[in-house]
There are 2 protein chains.
Amino acid sequence: MRGLGLCRLLLDSGVDAPPSSRLPIVQAEKIGSSRRRIFRSREEVDGVPIICDGWIAVAAYLPNGRRQILSLGLPGDLLSVGTLFESRVNHDVEALTPVRYRLFDRVGLRENLLTSPKALSSFVTDCAEEVHRLNERVLDLGRRQADQRIARLILELMERLTSKRATPAQTFNFPLRQSQIADVTGLTAAYVNHVLKSFRTRGLIKFEKRSLTVLDATKLRWMVDQ
Amino acid sequence: MRGLGLCRLLLDSGVDAPPSSRLPIVQAEKIGSSRRRIFRSREEVDGVPIICDGWIAVAAYLPNGRRQILSLGLPGDLLSVGTLFESRVNHDVEALTPVRYRLFDRVGLRENLLTSPKALSSFVTDCAEEVHRLNERVLDLGRRQADQRIARLILELMERLTSKRATPAQTFNFPLRQSQIADVTGLTAAYVNHVLKSFRTRGLIKFEKRSLTVLDATKLRWMVDQ
DNA sequence: CGATTGTTTGATGAAAGTCAAGTACCGTGG
DNA sequence: CCACGGTACTTGACTTTCATCAAACAATCG
């Protein structure tokens, strides 16, 4: 599924080369430092942002101060398919780690979509993926228990992070704080801690210095289906 | 926002005229009866379905039997933007009322997207709307209380149903059962009943014979923001 | 090295779920 | 027209899950 999206197309056309030497659709390369807001809700963005390095979160805040993370962005992700056609972002975008991203020219990309069936179908793939992940999140929040939600998040991240490499790695960089896991899964940080502790004592996962290893993916997957 | 989507484009080009007299992209008109499954999860669909009449629900089932309604389809809605490019539906699609829908030729529509910038931007609008609604649902399920979720559902349906007419109507047809409201909002039927009762006794809404009138939209909106 | 930020833990309570029993509301066929 | 059966709605007692709060501890960073 992954790797067919628009991002891959852009990456293949040189998003990782120095911006000056590349396609005219690359506008700028930017840096965001950890824990900083990259875009504010309703802010104008003059380009389509694609993440080169680091993790970001798209988050919504309620009047009472509660927060929900709507999606996580990993390296190689389009910020959101909406940014391709709307110059405003609807939600806050925050850097979870130090982040490097590129802005692509919106008009140029749009024309590209009309002239290249390959680009169009890549874009549609991206849309479908975004909708699919959102559907899964709705299912999580609506009908799954706390431990299932967290298990699914871990498995999802493992797959997304290793889908590029040939071999899915059990150990990967995991910058998420417990409070951020809580805001993704609709729980509280304290309860996330309880669940993670039980995962650890049951030998399902292991943390050490910002990296996570999944010791028993099978049992995690089984748990999700109960 | 609404009315710019692909559906509107198709409707304007005669989706409501008899199928024989119309564009070649119309393949067939179908009927689904209330409470029946229209498409089964993973089933092949040979066309892009657009709802002419009636309500449908896209629903996911968990192994333990619990169910979550991922989205509601009202007259004039594309079933899901995914159907434009994938011939498989990912989830069950069920008729909530008697339903009339049309199947459009997928290849024809896809070519149309490549040749007509207007069609493309309509399609993108549809995507953006679907993602927007899903984001709102995630926010509901993750961070809002039961009464806020139900209030938002009522307000959302009111707006979607009356966005076509000039004047938003306070009273509209409301075929949803309490158990179905529960499956949309991630609650149980019994608890939905509690909340609806309190809405009624507080004079916020009124039910009579499958139609709902919103007596105090302002207070409902206020409740959502608390 | 201190200051900030994150983690761990437990006690307590509220929100929503579960279960069960009863009531109203159909549409159907006699 | 009524009796019947099924479905939806209503209600209350009881339980579970998760939130809230607080306090102590650990880790990280300038």
# chains A, B, ... in the order shown; residues from 1 in each chain; ligands from 1
call {"tool": "interface_residues", "arguments": {"of": "chain A", "to": "chain C", "cutoff": "10 Å", "atoms": "only C-alpha atoms (C1' of nucleotides)", "output": "PyMOL selection string"}}
result
chain A and resi 177-179+189-190+193-194+197
call {"tool": "write_last_selection", "arguments": {"atoms": "N, CA, C and O atoms", "output": "mmCIF file, in the first residue's frame"}}
result
data_model
loop_
_atom_site.group_PDB
_atom_site.id
_atom_site.type_symbol
_atom_site.label_atom_id
_atom_site.label_comp_id
_atom_site.auth_asym_id
_atom_site.auth_seq_id
_atom_site.Cartn_x
_atom_site.Cartn_y
_atom_site.Cartn_z
ATOM 1 N N ARG A 177 5.909 10.726 24.078
ATOM 2 C CA ARG A 177 5.708 10.755 25.532
ATOM 3 C C ARG A 177 4.399 10.064 25.864
ATOM 4 O O ARG A 177 3.488 9.994 25.016
ATOM 5 N N GLN A 178 4.247 9.658 27.110
ATOM 6 C CA GLN A 178 3.002 8.989 27.503
ATOM 7 C C GLN A 178 1.797 9.914 27.364
ATOM 8 O O GLN A 178 0.702 9.485 27.009
ATOM 9 N N SER A 179 2.018 11.197 27.625
ATOM 10 C CA SER A 179 0.902 12.138 27.476
ATOM 11 C C SER A 179 0.495 12.274 26.009
ATOM 12 O O SER A 179 -0.678 12.515 25.705
ATOM 13 N N ALA A 189 -2.761 10.314 30.548
ATOM 14 C CA ALA A 189 -1.371 9.873 30.674
ATOM 15 C C ALA A 189 -1.225 8.829 31.782
ATOM 16 O O ALA A 189 -0.507 7.839 31.640
ATOM 17 N N ALA A 190 -1.920 9.047 32.880
ATOM 18 C CA ALA A 190 -1.812 8.115 33.999
ATOM 19 C C ALA A 190 -2.264 6.714 33.593
ATOM 20 O O ALA A 190 -1.619 5.717 33.930
ATOM 21 N N ASN A 193 0.091 4.945 31.354
ATOM 22 C CA ASN A 193 1.192 4.392 32.149
ATOM 23 C C ASN A 193 0.841 3.024 32.722
ATOM 24 O O ASN A 193 1.627 2.081 32.640
ATOM 25 N N HIS A 194 -0.358 2.918 33.280
ATOM 26 C CA HIS A 194 -0.805 1.619 33.809
ATOM 27 C C HIS A 194 -0.724 0.539 32.729
ATOM 28 O O HIS A 194 -0.182 -0.540 32.944
ATOM 29 N N LYS A 197 2.792 -0.331 31.643
ATOM 30 C CA LYS A 197 3.462 -1.127 32.667
ATOM 31 C C LYS A 197 3.050 -2.598 32.563
ATOM 32 O O LYS A 197 3.875 -3.494 32.622
#
call {"tool": "residues_around", "arguments": {"residues": "Gly203 of chain B", "least_positions_apart": "2", "cutoff": "10 Å", "atoms": "only C-alpha atoms (C1' of nucleotides)", "output": "JSON, numbers by chain"}}
result
{"B": [197, 198, 199, 200, 201, 205, 206, 214, 215, 216, 219]}
call {"tool": "closest_atom_pairs", "arguments": {"of": "segment 159-202 of chain B", "to": "segment 64-85 of chain B", "cutoff": "8 Å", "atoms": "only C-alpha atoms", "output": "tab-separated table"}}
result
residue	atom	partner	partner_atom	distance
B:Leu161	CA	B:Leu74	CA	7.6
B:Gln180	CA	B:Ile69	CA	7.7
B:Asp183	CA	B:Gln68	CA	4.9
B:Val184	CA	B:Ile69	CA	4.7
B:Gly186	CA	B:Gln68	CA	6.8
call {"tool": "closest_atom_pairs", "arguments": {"of": "chain D", "to": "chain B", "cutoff": "12 Å", "atoms": "only C-alpha atoms (C1' of nucleotides)", "output": "tab-separated table"}}
result
residue	atom	partner	partner_atom	distance
D:DT7	C1'	B:Arg177	CA	10.7
D:DA8	C1'	B:Arg177	CA	7.8
D:DC9	C1'	B:Asn193	CA	7.9
D:DT10	C1'	B:Asn193	CA	7.7
D:DT11	C1'	B:His194	CA	9.2
D:DG12	C1'	B:Ala190	CA	11.3
D:DA19	C1'	B:Arg143	CA	11.7
call {"tool": "atom_distance", "arguments": {"atom1": "atom CA of Val99 of chain A", "atom2": "atom CA of Gly32 of chain A"}}
result
4.9 Å
call {"tool": "interface_residues", "arguments": {"of": "chain A", "to": "chain B", "cutoff": "7 Å", "atoms": "only C-alpha atoms", "output": "NGL selection string"}}
result
:A and (63-64 or 66 or 68 or 70 or 82 or 114 or 128 or 131 or 134-135 or 137-139 or 141-143 or 185-186 or 225-226)
call {"tool": "write_last_selection", "arguments": {"atoms": "C-alpha atoms", "output": "PDB file, in the first residue's frame"}}
result
ATOM      1  CA  PRO A  63     -12.383  24.988  24.528  1.00  0.00           C
ATOM      2  CA  ASN A  64     -11.954  23.213  27.863  1.00  0.00           C
ATOM      3  CA  ARG A  66      -8.456  18.949  26.303  1.00  0.00           C
ATOM      4  CA  GLN A  68      -6.810  15.167  20.677  1.00  0.00           C
ATOM      5  CA  LEU A  70      -5.772  13.511  14.975  1.00  0.00           C
ATOM      6  CA  GLY A  82      -5.974  18.747   2.460  1.00  0.00           C
ATOM      7  CA  LEU A 114      -3.835  16.977 -14.206  1.00  0.00           C
ATOM      8  CA  ALA A 128      -7.318   6.442   0.604  1.00  0.00           C
ATOM      9  CA  VAL A 131      -9.110   7.873   5.222  1.00  0.00           C
ATOM     10  CA  LEU A 134      -8.852   7.668  10.261  1.00  0.00           C
ATOM     11  CA  ASN A 135     -11.436   4.914  10.012  1.00  0.00           C
ATOM     12  CA  ARG A 137      -8.818   5.408  14.664  1.00  0.00           C
ATOM     13  CA  VAL A 138     -12.585   5.909  14.874  1.00  0.00           C
ATOM     14  CA  LEU A 139     -12.978   2.196  15.444  1.00  0.00           C
ATOM     15  CA  LEU A 141     -11.850   5.264  20.007  1.00  0.00           C
ATOM     16  CA  GLY A 142     -15.419   4.135  19.582  1.00  0.00           C
ATOM     17  CA  ARG A 143     -15.281   0.457  20.354  1.00  0.00           C
ATOM     18  CA  THR A 185      -5.716   7.159  22.010  1.00  0.00           C
ATOM     19  CA  GLY A 186      -8.243   9.333  23.849  1.00  0.00           C
ATOM     20  CA  ASP A 225      -8.907  -8.933  18.206  1.00  0.00           C
ATOM     21  CA  GLN A 226     -10.464  -9.828  21.548  1.00  0.00           C
TER      22      GLN A 226
END
